[in-house]
Every structure is written in structure tokens, then in C-alpha cells.
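Structure first, commentary second.
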Amino acid sequence: MQTYEDIVTAACVNFEPVVGNKAATLEKIRDFTIQAASRGANIILFPETALTTCSGFPLEEAPAFAETIPGLATDAIEKIAIQYHVYVCFGLIERKGDNLYNAAPVIGPTGVLGVYRKVHPFKPMEPWATPGSEYPLIETPWGHIGVGTCYDNYCFPEVSRIYAVRGARILLHPTAFPEFPDAKDYRDFYKSTLGVRAIDNHMFVVSANLCGTWYDYSVGESVTCFGYSAIFGPKPGQQNYHIYAGPCGIEEEIVMATLDLASLKNLVMGTKTMFEDRRPETYFPLVSGAAPKQ
């Protein structure tokens, strides 16, 4: 039986792209990766579409901002992953055949280990994105980890549960969460939804959000992403979720936490039997194709 390490140091990066300049942005990703690795991080997470933003460019130009995987961007980060023996995930627009995906490759000391393609694109801000259809488990020394991007985890709890029932103890959550003008509680929403995903699924959620302001061509006005990158998880002796690192402010920053994955076996009575008590045979309505309630 495969055995995995239990102690891992995760880092999430509050990150602002150089909008319209992939080369300069890639250099920043490279520099932040080296900084986090030099501080002892094992797993380093950057935000969703960190290389370009989702829509800080005329939408018809999306193909010009896309990358293949492997490609120039992943090759550059692979060199650092090999040198520092780290695992890095960052968001980009992937060009695969005739399709564009909101993608998050995970790169380790042996190269690209897997690619998550956002299953639930947020169409108002990424109309160019083809939905992905798979939930790849990424093999690491700390076991399998999952990746879910932004909207995937805030509004679709099925995504993190799929990873959890397959044994993932860490969920990477790259996000590009803006300050929505019709809501003032976006930070509370961010914390509560990701905290609940951690509790519901007995896993740590490592979340990296974009920060900064730029003109968003999809909505025709400037948008601001509020940062707030953080690491969430259950904690022995505590029923609610715990914040292990962060949240960041609105500036670029690295936050890190050393996590004990073995602690997930020692949760409080109110949550620790959750997976033993699941009754998946009763969950057929979730996938039966039944019409939604009117």
C-alpha cells in the first residue's frame, strides 16, 4: 500500500498580473515561485488565469493570449520546480485544438503532472472558455491533490466532494474573484464557502486570488480583484473551519502554512463520521437529470 508524507508546507500567492504582457507576468510568477520555495514551501499556488486575467483583453484576442500545455509558460516554471523540488499550480488560458480552456496545470519536479480545466466557466467574464469535463487527481508525495477553479468551488459543492471521496486531502483553489458591484459581502462569501468545503470534505483548501484593478472587456468597465488569499481547513477540537494562513489584504503577498494532514483523522465528533455515514445510494436525484424546481 502506498504511503504518503503528512507534513506539507503550502503557499498561496496574492498576485497581480501585468495586464496585456504575458512575458512580464510570467517573470513575476517565476520570481514569486522562487521566493516561496526559498521560504520552504512545498506546494505553491497562484490564482486563476494568473498569466493573463480572464478578460483584461478584447475577447476576440483571447486565442492570442492562450498557451499550449506543455508550452513556454509551463516550461519556464518546470525549470524552477526541478531546481527547488516544488509543486506549482498557476492559471492560464490553454489552447487545445480548436478550444480554449480556463486551465490550471500542476507542475512538479518531473514536469507537468496534470491539468485541471474549469468545469463550470463563469460565462459573463470568460465567454471564450470551453467547459472542462474531468477531475484529475494529481499524485504528490503527500497523496493525491485536487484542483477546482473559482466558481467551481463557490457554487458547486460536488466538485470538492468528488475529490474527497477519491482520497484527496488537499484542494487547490485558484480564483479570480472580483468585487461584484451588486454585493458588499464578497469577502464573507469567499471565506464561508471555502471554509465549508474544507469541513464538508475533511480537506485543506489552499486558495489564491488575483489582486489589482484593470479594464474588463467582458463587462465594459474596470474591475478590482480583492486578493484575500488564504488556507482553510478543519482543526482537531474545533467544529468550525480554521484559517491556517491569511487572509491576505489587497496587495501582492505570499502566505504560507505548514499543515499536518494526519490531523484530518482526529476531528470532532460532530464531523468525523461524515464519510462513514454517507448514503450515496440515495443521491440519485443529483445525477438523474430531473428538471430543476420552478
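Ligands are numbered from 1 in the order shown, residues from 1 within each chain, and chains are lettered A, B, ... in the order they appear in the C-alpha cells.
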Give one line per residue of stretch 162-235 of chain A that approaches stretch 32-45 of chain A to at most 9 Å, naming the two atoms of the closest pair and their distance in Å to one decimal, counting only C-alpha atoms; sort by chain then ascending residue number and deliver it as CSV.
```
residue,atom,partner,partner_atom,distance
A:Leu172,CA,A:Leu45,CA,7.1
A:His173,CA,A:Leu45,CA,8.1
A:Pro174,CA,A:Leu45,CA,7.0
A:Val206,CA,A:Leu45,CA,7.5
A:Ser207,CA,A:Leu45,CA,7.5
A:Ala208,CA,A:Leu45,CA,6.2
```
Applying 8 Å and only C-alpha atoms, which residues near A:His85 remain after dropping the ones on its own chain fewer than 4 positions away? List them as an mmCIF file with N, CA and C atoms, in the first residue's frame.
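Result file is selection_13.cif:
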```cif
data_model
loop_
_atom_site.group_PDB
_atom_site.id
_atom_site.type_symbol
_atom_site.label_atom_id
_atom_site.label_comp_id
_atom_site.auth_asym_id
_atom_site.auth_seq_id
_atom_site.Cartn_x
_atom_site.Cartn_y
_atom_site.Cartn_z
ATOM 1 N N ASN A 42 6.452 23.746 -0.148
ATOM 2 C CA ASN A 42 6.453 22.535 -0.980
ATOM 3 C C ASN A 42 5.484 22.640 -2.150
ATOM 4 N N ILE A 80 12.066 25.783 -12.534
ATOM 5 C CA ILE A 80 12.153 26.144 -11.111
ATOM 6 C C ILE A 80 11.700 24.988 -10.239
ATOM 7 N N ALA A 81 10.628 24.293 -10.676
ATOM 8 C CA ALA A 81 10.133 23.150 -9.904
ATOM 9 C C ALA A 81 11.211 22.077 -9.773
ATOM 10 N N GLY A 108 5.516 19.711 -11.322
ATOM 11 C CA GLY A 108 6.374 19.222 -10.256
ATOM 12 C C GLY A 108 7.785 18.989 -10.742
ATOM 13 N N PRO A 109 8.592 18.352 -9.917
ATOM 14 C CA PRO A 109 9.994 18.110 -10.281
ATOM 15 C C PRO A 109 10.164 17.194 -11.485
#
```
Name the residues in contact with A:Glu251 at a cut-off of 10 Å, using only C-alpha atoms, excluding same-chain residues fewer than 4 positions from it; report them as a compact mmCIF listing (two decimals) with C-alpha atoms, in the first residue's frame.
```txt
# COMPACT_ATOMS: atom_id res chain seq x y z
CA ASN A 14 -1.92 37.14 -3.81
CA PHE A 15 -0.93 38.08 -7.35
CA GLU A 16 -1.46 40.94 -9.81
CA LEU A 210 -5.89 37.82 -8.03
CA CYS A 211 -5.48 41.37 -6.79
CA GLY A 212 -5.42 44.69 -8.62
CA PHE A 226 -9.66 41.82 -3.81
CA GLY A 227 -6.94 39.28 -3.02
CA TYR A 228 -7.67 37.72 0.37
```
With distances taken over only C-alpha atoms, which of A:Ala164, A:Cys150, A:Val19, A:Ile254 is nearest to A:Thr193? A:Cys150
Which polymer residues have any atom within 9 Å of an atom of stretch 243-249 of chain A, counting only C-alpha atoms, with same-chain residues fewer than 5 positions away left out, as a ChimeraX atom specification? /A:11-14,191,195,211,226-234,254-259
Selected residue of minimal separation from A:Cys54 among A:Lys123, A:Lys272, A:Arg161, A:Lys184, counting only C-alpha atoms: A:Lys123
